[in-house]
>>> print(open('final34.txt').read())   # compact mmCIF, C-alpha atoms
# COMPACT_ATOMS: atom_id res chain seq x y z
CA MET A 1 15.71 30.18 -2.16
CA SER A 2 14.91 27.74 0.60
CA ARG A 3 13.09 24.64 -0.48
CA GLN A 4 11.46 22.18 1.90
CA ILE A 5 12.98 18.76 2.01
CA VAL A 6 11.06 16.24 -0.06
CA THR A 7 10.79 12.94 1.76
CA GLU A 8 10.26 9.42 0.47
CA ALA A 9 6.77 9.57 2.01
CA ASP A 10 6.02 12.72 -0.03
CA LEU A 11 6.99 10.93 -3.21
CA HIS A 12 4.61 8.05 -2.50
CA ALA A 13 1.83 10.43 -1.54
CA TYR A 14 2.47 12.19 -4.85
CA VAL A 15 2.13 8.89 -6.74
CA ASP A 16 -1.06 8.10 -4.82
CA GLY A 17 -2.45 11.56 -5.51
CA VAL A 18 -2.94 12.45 -1.86
CA LEU A 19 -0.56 15.41 -1.51
CA PRO A 20 -2.07 18.85 -0.96
CA LEU A 21 -1.73 20.99 -4.11
CA GLY A 22 0.97 23.31 -2.76
CA ARG A 23 3.08 20.40 -1.65
CA ALA A 24 2.58 18.62 -4.97
CA ALA A 25 4.01 21.66 -6.75
CA GLU A 26 7.09 21.49 -4.52
CA VAL A 27 7.51 17.81 -5.33
CA GLU A 28 7.20 18.58 -9.05
CA ALA A 29 9.91 21.24 -8.75
CA TYR A 30 12.10 18.69 -6.97
CA LEU A 31 11.48 16.08 -9.67
CA ALA A 32 12.14 18.47 -12.53
CA GLU A 33 15.85 18.33 -11.73
CA ARG A 34 15.94 14.58 -11.12
CA PRO A 35 15.11 12.39 -14.14
CA GLU A 36 15.99 9.18 -12.29
CA GLU A 37 13.46 9.96 -9.60
CA GLN A 38 10.92 10.75 -12.29
CA ALA A 39 11.50 7.34 -13.85
CA ARG A 40 11.18 5.65 -10.47
CA LEU A 41 7.86 7.35 -9.74
CA ALA A 42 6.63 6.56 -13.25
CA ALA A 43 7.37 2.89 -12.51
CA TYR A 44 5.35 3.13 -9.29
CA ARG A 45 2.48 4.72 -11.14
CA GLU A 46 2.62 1.94 -13.69
CA GLN A 47 2.49 -0.60 -10.86
CA ARG A 48 -0.75 0.95 -9.66
CA ALA A 49 -2.18 0.82 -13.15
CA ALA A 50 -1.01 -2.77 -13.64
CA LEU A 51 -2.71 -3.84 -10.40
CA ARG A 52 -5.98 -2.37 -11.59
CA ARG A 53 -5.66 -3.94 -15.05
CA GLU A 54 -4.87 -7.33 -13.55
CA PHE A 55 -7.43 -7.46 -10.75
CA ASP A 56 -10.31 -5.14 -11.64
CA PRO A 57 -11.87 -7.86 -13.82
CA VAL A 58 -12.51 -9.80 -10.57
CA LEU A 59 -15.08 -7.13 -9.69
CA GLU A 60 -17.13 -8.16 -12.70
CA GLU A 61 -17.08 -11.89 -11.99
CA PRO A 62 -20.35 -13.11 -10.53
CA PRO A 63 -19.59 -14.41 -7.02
CA PRO A 64 -19.97 -18.18 -6.63
CA PRO A 65 -23.13 -19.24 -4.75
CA ARG A 66 -21.21 -19.87 -1.51
CA LEU A 67 -20.31 -16.17 -1.38
CA ARG A 68 -23.82 -14.84 -1.60
CA VAL A 69 -25.07 -13.64 1.74
CA PRO A 70 -28.28 -15.62 2.12
CA ARG A 71 -30.30 -13.19 4.18
CA PRO A 72 -33.48 -15.22 4.67
CA VAL A 73 -31.44 -18.22 5.77
CA TRP A 74 -29.42 -16.15 8.18
CA LEU A 75 -32.60 -14.95 9.70
CA ARG A 76 -33.81 -18.45 10.43
CA PRO A 77 -33.33 -18.50 14.18
CA LEU A 78 -31.97 -22.01 14.37
CA LEU A 79 -29.17 -21.37 11.88
CA ARG A 80 -28.38 -18.04 13.38
CA TYR A 81 -28.21 -19.69 16.74
CA ALA A 82 -25.88 -22.35 15.37
CA ALA A 83 -23.60 -19.69 13.89
CA MET A 84 -23.49 -17.80 17.15
CA VAL A 85 -22.80 -20.93 19.10
CA ALA A 86 -19.92 -21.65 16.74
CA TRP A 87 -18.65 -18.18 17.46
CA PHE A 88 -18.95 -18.69 21.22
CA ALA A 89 -17.07 -21.93 20.90
CA LEU A 90 -14.29 -20.08 19.12
CA GLY A 91 -14.39 -17.40 21.78
CA GLY A 92 -14.10 -20.13 24.36
CA VAL A 93 -11.08 -21.63 22.67
CA ILE A 94 -9.38 -18.26 22.35
CA GLY A 95 -10.25 -17.44 25.92
CA TRP A 96 -8.88 -20.76 27.05
CA GLN A 97 -5.62 -20.20 25.18
CA LEU A 98 -5.21 -16.75 26.63
CA ASN A 99 -5.85 -18.15 30.06
CA ALA A 100 -3.13 -20.68 29.62
CA TYR A 101 -0.70 -17.80 29.40
CA THR A 102 -2.03 -15.38 31.94
CA SER A 103 -3.27 -16.66 35.23
CA ASP A 104 -4.60 -13.21 36.09
CA GLN A 105 -6.95 -13.43 33.14
CA ARG A 106 -7.96 -16.91 34.11
CA ALA A 107 -9.09 -15.70 37.50
CA GLU A 108 -10.83 -12.83 35.77
CA ALA A 109 -12.59 -14.95 33.17
CA THR A 110 -13.88 -17.59 35.54
CA SER A 111 -14.74 -15.47 38.51
CA TRP A 112 -17.20 -12.90 37.37
CA PRO A 113 -19.69 -14.99 35.38
CA ARG A 114 -19.48 -17.39 38.30
CA SER A 115 -20.23 -14.57 40.74
CA ALA A 116 -23.22 -13.69 38.56
CA ALA A 117 -24.44 -17.30 38.66
CA ILE A 118 -24.01 -17.46 42.45
CA ALA A 119 -25.92 -14.20 42.89
CA HIS A 120 -28.63 -15.65 40.68
CA VAL A 121 -28.88 -18.80 42.78
CA VAL A 122 -28.97 -16.84 46.02
CA TYR A 123 -31.60 -14.26 45.12
CA SER A 124 -33.86 -15.70 42.45
CA PRO A 125 -35.63 -18.21 44.76
CA GLU A 126 -36.51 -15.44 47.22
CA VAL A 127 -40.25 -15.13 47.63
CA ARG A 128 -40.58 -12.14 49.93
CA HIS A 129 -37.39 -10.18 49.26
CA PRO A 130 -36.11 -10.96 45.78
CA VAL A 131 -35.03 -7.34 45.23
CA GLU A 132 -34.16 -4.29 47.29
CA VAL A 133 -35.99 -1.81 45.09
CA ALA A 134 -39.03 -3.03 43.18
CA ALA A 135 -39.96 -2.24 39.58
CA ASP A 136 -42.63 0.25 40.67
CA GLN A 137 -39.76 2.54 41.70
CA GLU A 138 -37.77 1.90 38.54
CA LYS A 139 -36.54 5.46 38.16
CA HIS A 140 -35.19 5.53 41.69
CA LEU A 141 -33.62 2.09 41.18
CA VAL A 142 -31.71 3.19 38.07
CA THR A 143 -30.57 6.49 39.60
CA TRP A 144 -29.40 4.79 42.75
CA LEU A 145 -27.49 1.98 41.04
CA SER A 146 -25.97 4.34 38.44
CA LYS A 147 -24.70 6.48 41.29
CA ARG A 148 -23.23 3.54 43.16
CA LEU A 149 -21.52 2.06 40.07
CA GLY A 150 -20.34 5.51 39.04
CA THR A 151 -21.68 5.28 35.48
CA PRO A 152 -25.13 5.68 33.91
CA LEU A 153 -27.02 2.38 33.73
CA LYS A 154 -29.98 1.48 31.60
CA VAL A 155 -32.40 -1.20 32.61
CA PRO A 156 -33.59 -3.24 29.62
CA HIS A 157 -37.30 -3.95 29.24
CA LEU A 158 -38.04 -7.50 28.25
CA GLY A 159 -41.82 -7.39 28.04
CA GLU A 160 -41.71 -8.33 24.37
CA GLN A 161 -39.69 -11.40 25.29
CA GLY A 162 -42.21 -12.31 27.98
CA TYR A 163 -40.27 -11.16 31.03
CA ALA A 164 -41.29 -8.38 33.39
CA LEU A 165 -38.87 -6.43 35.55
CA VAL A 166 -39.12 -7.43 39.22
CA GLY A 167 -36.58 -4.86 40.42
CA GLY A 168 -32.94 -4.74 41.37
CA ARG A 169 -30.37 -4.74 44.09
CA LEU A 170 -26.83 -3.68 44.87
CA LEU A 171 -24.24 -6.41 45.41
CA PRO A 172 -20.60 -6.46 46.43
CA GLY A 173 -18.26 -7.46 43.59
CA ASP A 174 -14.54 -8.16 43.69
CA ARG A 175 -13.87 -4.65 42.34
CA GLY A 176 -16.69 -2.72 43.92
CA PRO A 177 -20.44 -2.38 43.63
CA VAL A 178 -22.37 -4.51 41.19
CA ALA A 179 -25.98 -4.13 40.07
CA GLN A 180 -28.40 -7.01 39.69
CA PHE A 181 -31.70 -6.68 37.86
CA MET A 182 -34.29 -9.43 38.15
CA TYR A 183 -36.94 -10.46 35.62
CA GLN A 184 -39.77 -12.94 35.79
CA ASP A 185 -42.05 -14.54 33.24
CA GLY A 186 -45.69 -15.55 33.60
CA LYS A 187 -44.76 -18.93 35.10
CA GLY A 188 -42.46 -17.45 37.72
CA GLN A 189 -39.26 -18.35 35.84
CA ARG A 190 -36.63 -15.79 36.82
CA LEU A 191 -33.61 -14.35 35.02
CA THR A 192 -31.04 -11.99 36.48
CA LEU A 193 -28.85 -9.46 34.74
CA TYR A 194 -25.62 -8.79 36.58
CA VAL A 195 -23.90 -5.51 35.63
CA ARG A 196 -20.44 -4.48 36.69
CA VAL A 197 -17.91 -1.81 35.71
CA ASN A 198 -15.02 -2.91 33.48
CA ARG A 199 -11.45 -2.14 34.27
CA ASP A 200 -10.82 -1.18 30.66
CA ASP A 201 -13.30 1.21 29.02
CA ASN A 202 -12.85 0.10 25.48
CA ARG A 203 -13.18 -3.63 25.51
CA GLU A 204 -15.96 -5.33 23.68
CA THR A 205 -16.36 -9.03 23.36
CA ALA A 206 -18.69 -11.45 21.68
CA PHE A 207 -21.22 -13.27 23.81
CA ARG A 208 -19.73 -16.08 25.80
CA PHE A 209 -21.51 -18.85 27.60
CA ALA A 210 -20.76 -20.43 30.94
CA GLN A 211 -22.66 -23.19 32.72
CA GLU A 212 -22.55 -23.24 36.52
CA HIS A 213 -24.43 -26.36 37.53
CA ARG A 214 -28.00 -25.69 36.48
CA VAL A 215 -27.49 -22.00 35.81
CA GLY A 216 -26.55 -20.87 32.32
CA VAL A 217 -24.79 -17.52 31.92
CA PHE A 218 -24.30 -15.48 28.75
CA TYR A 219 -21.80 -12.74 29.40
CA TRP A 220 -20.11 -10.01 27.39
CA LEU A 221 -18.20 -6.75 27.77
CA ASP A 222 -19.53 -3.59 26.19
CA ARG A 223 -17.24 -0.61 26.70
CA LYS A 224 -17.66 0.62 30.29
CA LEU A 225 -19.79 -2.25 31.51
CA GLY A 226 -19.74 -6.02 31.73
CA TYR A 227 -23.05 -7.88 31.56
CA ALA A 228 -23.94 -11.41 32.60
CA LEU A 229 -27.43 -12.78 32.05
CA SER A 230 -28.16 -15.85 34.20
CA GLY A 231 -31.08 -18.24 34.27
CA GLU A 232 -32.07 -21.86 34.67
CA VAL A 233 -33.57 -21.93 31.20
CA ASP A 234 -32.28 -23.64 28.11
CA ARG A 235 -29.45 -22.10 26.25
CA SER A 236 -31.33 -20.95 23.15
CA GLU A 237 -33.93 -19.21 25.31
CA LEU A 238 -31.20 -17.49 27.30
CA LEU A 239 -29.48 -16.44 24.09
CA ARG A 240 -32.72 -15.00 22.77
CA ILE A 241 -33.01 -12.82 25.87
CA ALA A 242 -29.30 -11.90 25.90
CA THR A 243 -29.61 -10.73 22.31
CA ALA A 244 -32.64 -8.62 23.20
CA VAL A 245 -30.76 -7.10 26.16
CA TYR A 246 -27.79 -6.30 23.94
CA ARG A 247 -29.99 -4.69 21.30
CA GLN A 248 -31.75 -2.49 23.82
CA LEU A 249 -28.49 -1.34 25.33
CA ASN A 250 -27.12 -0.57 21.85
CA PRO A 251 -30.14 0.79 19.99
CA MET B 1 -29.45 -1.87 11.94
CA SER B 2 -30.77 -5.42 11.85
CA ILE B 3 -28.68 -8.36 10.77
CA SER B 4 -30.70 -8.34 7.54
CA ASP B 5 -29.71 -4.73 6.75
CA LEU B 6 -26.14 -5.47 7.69
CA ALA B 7 -26.09 -8.53 5.45
CA GLY B 8 -27.25 -6.29 2.60
CA SER B 9 -24.49 -3.77 3.25
CA VAL B 10 -21.89 -6.51 3.57
CA GLU B 11 -23.00 -7.95 0.25
CA GLN B 12 -22.07 -4.74 -1.55
CA HIS B 13 -18.47 -5.18 -0.47
CA ILE B 14 -18.09 -8.75 -1.72
CA PRO B 15 -16.67 -7.85 -5.16
CA ARG B 16 -13.93 -5.73 -3.61
CA LEU B 17 -13.17 -8.30 -0.93
CA ARG B 18 -12.78 -10.85 -3.74
CA ARG B 19 -10.52 -8.57 -5.75
CA TYR B 20 -8.26 -7.96 -2.77
CA ALA B 21 -8.24 -11.63 -1.74
CA ARG B 22 -7.38 -12.70 -5.29
CA ALA B 23 -4.43 -10.33 -5.42
CA LEU B 24 -3.35 -11.29 -1.91
CA THR B 25 -3.44 -15.07 -2.37
CA GLY B 26 -2.85 -15.29 -6.13
CA ASP B 27 -5.33 -18.15 -6.28
CA ARG B 28 -9.02 -18.08 -7.10
CA ALA B 29 -10.19 -20.89 -4.79
CA ALA B 30 -8.01 -19.79 -1.87
CA ALA B 31 -9.25 -16.23 -2.33
CA ASP B 32 -12.90 -17.24 -2.27
CA ASP B 33 -12.27 -19.41 0.80
CA LEU B 34 -10.84 -16.35 2.49
CA VAL B 35 -13.81 -14.23 1.50
CA GLN B 36 -16.20 -16.89 2.74
CA ASP B 37 -14.42 -17.09 6.12
CA THR B 38 -14.52 -13.30 6.33
CA LEU B 39 -18.25 -13.12 5.64
CA GLU B 40 -19.04 -15.83 8.16
CA ARG B 41 -17.01 -14.16 10.84
CA ALA B 42 -18.45 -10.72 10.08
CA LEU B 43 -22.03 -11.95 10.32
CA SER B 44 -21.42 -13.94 13.48
CA ARG B 45 -19.99 -10.93 15.26
CA PHE B 46 -22.09 -8.24 13.65
CA HIS B 47 -22.99 -6.86 17.06
CA LEU B 48 -19.36 -5.79 17.49
CA TRP B 49 -19.52 -3.54 14.48
CA ARG B 50 -19.85 0.08 15.61
CA ARG B 51 -22.66 1.67 13.68
CA GLY B 52 -21.57 4.63 11.57
CA SER B 53 -17.99 3.36 11.39
CA ASP B 54 -16.50 2.32 8.09
CA LEU B 55 -17.92 -1.10 7.23
CA ARG B 56 -15.43 -1.65 4.42
CA ALA B 57 -12.46 -1.05 6.72
CA TRP B 58 -14.00 -3.39 9.31
CA LEU B 59 -14.42 -6.17 6.74
CA PHE B 60 -10.89 -5.76 5.44
CA THR B 61 -9.58 -5.86 9.00
CA ILE B 62 -11.39 -9.15 9.60
CA MET B 63 -10.04 -10.54 6.35
CA HIS B 64 -6.52 -9.47 7.16
CA ASN B 65 -6.65 -11.11 10.59
CA ILE B 66 -7.96 -14.38 9.18
CA PHE B 67 -5.34 -14.36 6.43
CA VAL B 68 -2.48 -13.74 8.85
CA ASN B 69 -3.67 -16.42 11.28
CA GLN B 70 -4.01 -18.95 8.49
CA ALA B 71 -0.56 -18.11 7.19
CA ARG B 72 0.82 -18.61 10.70
CA SER B 73 -0.84 -21.97 11.18
CA ARG B 74 0.47 -23.14 7.80
CA MET B 75 3.96 -22.27 8.98
CA ARG B 76 3.41 -24.27 12.12
CA HIS B 77 2.30 -27.32 10.10
CA PRO B 78 4.75 -27.41 7.24
CA HIS B 79 4.29 -31.10 6.45
CA GLU B 80 1.81 -30.67 3.67
CA PRO B 81 1.74 -33.27 0.94
CA PHE B 82 3.63 -32.37 -2.20
CA ASP B 83 1.37 -31.47 -5.06
CA GLU B 84 4.08 -32.36 -7.58
CA PRO B 85 6.88 -34.92 -7.48
CA ALA B 86 9.50 -33.72 -5.06
CA ALA B 87 12.34 -34.54 -7.44
CA GLU B 88 10.88 -32.34 -10.13
CA ARG B 89 10.41 -29.53 -7.70
CA LEU B 90 14.01 -29.71 -6.56
CA GLN B 91 15.43 -29.51 -10.06
CA TYR B 92 16.91 -26.22 -11.02
CA ARG B 93 14.84 -24.43 -13.58
CA GLU B 94 15.76 -21.35 -15.48
CA PRO B 95 13.48 -18.60 -14.16
CA ASP B 96 10.99 -17.54 -16.76
CA TRP B 97 11.71 -13.84 -16.95
CA SER B 98 8.83 -13.01 -19.24
CA GLU B 99 6.50 -14.57 -16.70
CA LEU B 100 8.11 -12.60 -13.90
CA ARG B 101 7.09 -9.38 -15.52
CA ASP B 102 3.51 -10.20 -14.68
CA ILE B 103 2.33 -8.10 -11.76
CA GLY B 104 0.53 -11.07 -10.16
CA ASP B 105 3.68 -13.18 -10.05
CA ALA B 106 5.74 -10.27 -8.79
CA LEU B 107 3.23 -9.72 -5.96
CA GLY B 108 3.65 -13.34 -4.91
CA LYS B 109 7.34 -12.67 -4.40
CA LEU B 110 6.74 -9.88 -1.91
CA PRO B 111 6.68 -10.62 1.80
CA VAL B 112 3.07 -10.66 3.01
CA GLU B 113 3.42 -7.49 5.07
CA GLN B 114 4.59 -5.56 2.00
CA ARG B 115 2.01 -7.14 -0.29
CA THR B 116 -0.89 -6.14 1.96
CA VAL B 117 0.21 -2.50 2.06
CA VAL B 118 0.80 -2.14 -1.66
CA LEU B 119 -2.60 -3.72 -2.36
CA LEU B 120 -4.60 -1.77 0.20
CA VAL B 121 -3.10 1.50 -1.03
CA GLY B 122 -2.58 0.84 -4.73
CA LEU B 123 -5.51 -1.44 -5.55
CA GLU B 124 -8.14 -0.74 -2.91
CA GLN B 125 -7.43 3.00 -2.63
CA PHE B 126 -7.28 3.05 1.14
CA THR B 127 -5.67 6.18 2.60
CA TYR B 128 -2.45 5.59 4.54
CA GLU B 129 -4.36 6.19 7.79
CA GLU B 130 -7.04 3.65 6.88
CA ALA B 131 -4.42 1.10 5.87
CA ALA B 132 -2.65 1.66 9.20
CA ARG B 133 -5.90 0.94 11.06
CA VAL B 134 -6.73 -2.15 9.02
CA LEU B 135 -3.26 -3.62 9.54
CA ASP B 136 -2.99 -2.30 13.09
CA VAL B 137 0.47 -0.76 12.61
CA PRO B 138 1.73 2.83 12.89
CA ILE B 139 1.54 4.98 9.77
CA GLY B 140 5.34 5.17 9.62
CA THR B 141 5.38 1.40 9.19
CA ILE B 142 2.89 1.71 6.33
CA MET B 143 5.15 4.22 4.58
CA SER B 144 8.29 2.17 4.97
CA ARG B 145 6.56 -1.03 3.81
CA LEU B 146 5.04 0.77 0.85
CA SER B 147 8.42 2.14 -0.13
CA ARG B 148 10.10 -1.27 0.11
CA ALA B 149 7.24 -3.01 -1.68
CA ARG B 150 7.26 -0.62 -4.63
CA GLU B 151 11.01 -0.75 -4.98
CA ARG B 152 10.96 -4.55 -4.87
CA LEU B 153 8.20 -4.68 -7.48
CA ARG B 154 10.13 -2.28 -9.67
CA ALA B 155 13.14 -4.60 -9.56
CA LEU B 156 10.99 -7.68 -10.21
CA LEU B 157 9.15 -6.11 -13.09
CA GLY B 158 12.32 -5.10 -14.84
CA GLY B 159 12.84 -1.70 -13.35
CA ASP B 160 11.81 0.36 -16.29
CA PHE B 161 8.14 1.14 -16.63
CA ARG B 162 8.54 1.26 -20.41
CA SER B 163 9.28 -2.46 -20.57
CA ALA B 164 6.06 -3.17 -18.69
CA ALA B 165 4.16 -0.89 -21.02
CA LEU B 166 5.68 -2.61 -24.05
CA LYS B 167 4.48 -5.94 -22.79
CA VAL B 168 0.94 -4.68 -22.78
CA VAL B 169 1.21 -3.32 -26.30
CA LYS B 170 2.70 -6.38 -27.98
>>> encode(input="final34.txt", output="structure tokens")
Amino acid sequence: MSRQIVTEADLHAYVDGVLPLGRAAEVEAYLAERPEEQARLAAYREQRAALRREFDPVLEEPPPPRLRVPRPVWLRPLLRYAAMVAWFALGGVIGWQLNAYTSDQRAEATSWPRSAAIAHVVYSPEVRHPVEVAADQEKHLVTWLSKRLGTPLKVPHLGEQGYALVGGRLLPGDRGPVAQFMYQDGKGQRLTLYVRVNRDDNRETAFRFAQEHRVGVFYWLDRKLGYALSGEVDRSELLRIATAVYRQLNP
Amino acid sequence: MSISDLAGSVEQHIPRLRRYARALTGDRAAADDLVQDTLERALSRFHLWRRGSDLRAWLFTIMHNIFVNQARSRMRHPHEPFDEPAAERLQYREPDWSELRDIGDALGKLPVEQRTVVLLVGLEQFTYEEAARVLDVPIGTIMSRLSRARERLRALLGGDFRSAALKVVK
């Protein structure tokens, strides 16, 4: 009779109760002839039970106040903003440390938000030709830019935030075509959203903030695309809009 | 999902995060610090959580990363003040074998990478695949760490499961 080899991994899976039934029967047949192995597995099973006896009571302990998730407080915009800023700061520190090791990443990290800020400065003051394709041809604009970037784009609508779409244009980036969408509020204040294709499909990052002279930029990577929102508005206002953009792109 | 909904879902996992942290650190205050850091980080980067993915695994991953980073920075700054007179600490003391049979003390004697595996699998009931994702190691590594951890615990706890059982009865 040929019997399959029982591995150490099988024995643990048997203890953890995750072996398929047929395989479990084979393991039992193997154990029947080996009392020492039986004792060893019994000890492992007892370890599992001892862990539960020792630590399950923690589940019943009421969490201390500092561990309650205070929803209403988190929703207060100012605190939420402070928490996010703390996270950006951390992101900045991590980014800075990474950059210290890889000059390639340093060039990468500083160049593209900067390019976004430069594009903002160049095009947002334009009175007669701020965009190549205006918002009244939005469908054409999105189709055209999606085609040029080689991936489907979505253009966020920021009406609720008080900004109307002006239109968009195609720009040269260091790795190929880049899309720029422009928005404007009732007072003529303009924001631009710079969208480029990432080298790596699967990267996602937290929001990061860069300041290029008077232009603030929140930028992040979201799978295929990198986004940078630029404007000469204060940071909390820019964050509010960046959050809205992110939400619309990830409904 | 809004941050408010997410906060509600995260809240449901707090008891299990505390249980795991307690077993991992062996210390109530350190465990709750770790849980607090985990919650803060989770809520500040909630937009990175992929909807529909396993929230529990995501939270445990965050906790694991914080724990490992903190352990590393402690190793880099070893000059912590002594919490007991150095002379007393250096004196040889007969190990208290009865104490060693306690599962909590035995856990503390495992290397961290073995402790995390035996706790994720044995206490938190993660599958081997889930544990591999949380710890970001291949599944073969999970199996070999689990095997070493259980064997080490068996030696620490006196080898024979009957002795552990007797301790409970007495």
>>> atom_distance(input="final34.txt", atom1="atom CA of Glu40 of chain B", atom2="atom CA of Ile62 of chain B")
10.3 Å
>>> atom_distance(input="final34.txt", atom1="atom CA of Leu153 of chain B", atom2="atom CA of Leu107 of chain B")
7.2 Å
>>> closest_residue(input="final34.txt", among="B:Met63, B:Leu55, B:Ile103, B:Leu110", to="chain A", atoms="all atoms listed in the file")
B:Ile103
>>> residues_near_point(input="final34.txt", point="(-38.6, -5.9, 41.9)", cutoff="6 Å", atoms="only C-alpha atoms", output="ChimeraX atom specification")
/A:131,133-135,166-168
>>> atom_distance(input="final34.txt", atom1="atom CA of Asp174 of chain A", atom2="atom CA of Ser115 of chain A")
9.1 Å
>>> interface_residues(input="final34.txt", of="chain B", to="chain A", cutoff="7 Å", atoms="only C-alpha atoms", output="PDB file with C-alpha atoms, in the coordinates of the input")
ATOM      1  CA  SER B   4     -30.700  -8.340   7.540  1.00  0.00           C
ATOM      2  CA  ALA B   7     -26.090  -8.530   5.450  1.00  0.00           C
ATOM      3  CA  GLU B  11     -23.000  -7.950   0.250  1.00  0.00           C
ATOM      4  CA  PRO B  15     -16.670  -7.850  -5.160  1.00  0.00           C
ATOM      5  CA  ARG B  16     -13.930  -5.730  -3.610  1.00  0.00           C
ATOM      6  CA  ARG B  18     -12.780 -10.850  -3.740  1.00  0.00           C
ATOM      7  CA  ARG B  19     -10.520  -8.570  -5.750  1.00  0.00           C
ATOM      8  CA  ALA B  23      -4.430 -10.330  -5.420  1.00  0.00           C
ATOM      9  CA  GLN B  36     -16.200 -16.890   2.740  1.00  0.00           C
ATOM     10  CA  SER B  44     -21.420 -13.940  13.480  1.00  0.00           C
ATOM     11  CA  ARG B  45     -19.990 -10.930  15.260  1.00  0.00           C
ATOM     12  CA  ILE B 103       2.330  -8.100 -11.760  1.00  0.00           C
ATOM     13  CA  GLY B 122      -2.580   0.840  -4.730  1.00  0.00           C
ATOM     14  CA  LEU B 123      -5.510  -1.440  -5.550  1.00  0.00           C
ATOM     15  CA  MET B 143       5.150   4.220   4.580  1.00  0.00           C
ATOM     16  CA  ARG B 150       7.260  -0.620  -4.630  1.00  0.00           C
ATOM     17  CA  ARG B 154      10.130  -2.280  -9.670  1.00  0.00           C
ATOM     18  CA  ASP B 160      11.810   0.360 -16.290  1.00  0.00           C
ATOM     19  CA  PHE B 161       8.140   1.140 -16.630  1.00  0.00           C
TER      20      PHE B 161
END
>>> closest_residue(input="final34.txt", among="B:Val112, B:Ala30, B:Ala57, B:Ala155", to="Thr127 of chain B", atoms="all atoms listed in the file")
B:Ala57
>>> closest_residue(input="final34.txt", among="B:Val35, B:Ala42, B:Ala29, B:Val121", to="Leu17 of chain B", atoms="only C-alpha atoms")
B:Val35
>>> closest_residue(input="final34.txt", among="A:Lys139, A:Lys147, A:Arg190, A:Arg223", to="Tyr123 of chain A", atoms="all atoms listed in the file")
A:Arg190
>>> axis_aligned_box(input="final34.txt", around="segment 31-42 of chain A", padding_each_side="8 Å", output="lines of an AutoDock Vina configuration file")
center_x = 11.3
center_y = 12.1
center_z = -11.9
size_x = 25.4
size_y = 28.8
size_z = 20.5
>>> residues_around(input="final34.txt", residues="Tyr183 of chain A", least_positions_apart="2", cutoff="7 Å", atoms="all atoms listed in the file", output="PDB file with C-alpha atoms, keeping the file's coordinate frame")
ATOM      1  CA  TYR A 163     -40.270 -11.160  31.030  1.00  0.00           C
ATOM      2  CA  ALA A 164     -41.290  -8.380  33.390  1.00  0.00           C
ATOM      3  CA  LEU A 165     -38.870  -6.430  35.550  1.00  0.00           C
ATOM      4  CA  VAL A 166     -39.120  -7.430  39.220  1.00  0.00           C
ATOM      5  CA  PHE A 181     -31.700  -6.680  37.860  1.00  0.00           C
ATOM      6  CA  ASP A 185     -42.050 -14.540  33.240  1.00  0.00           C
ATOM      7  CA  ARG A 190     -36.630 -15.790  36.820  1.00  0.00           C
ATOM      8  CA  LEU A 191     -33.610 -14.350  35.020  1.00  0.00           C
ATOM      9  CA  THR A 192     -31.040 -11.990  36.480  1.00  0.00           C
TER      10      THR A 192
END
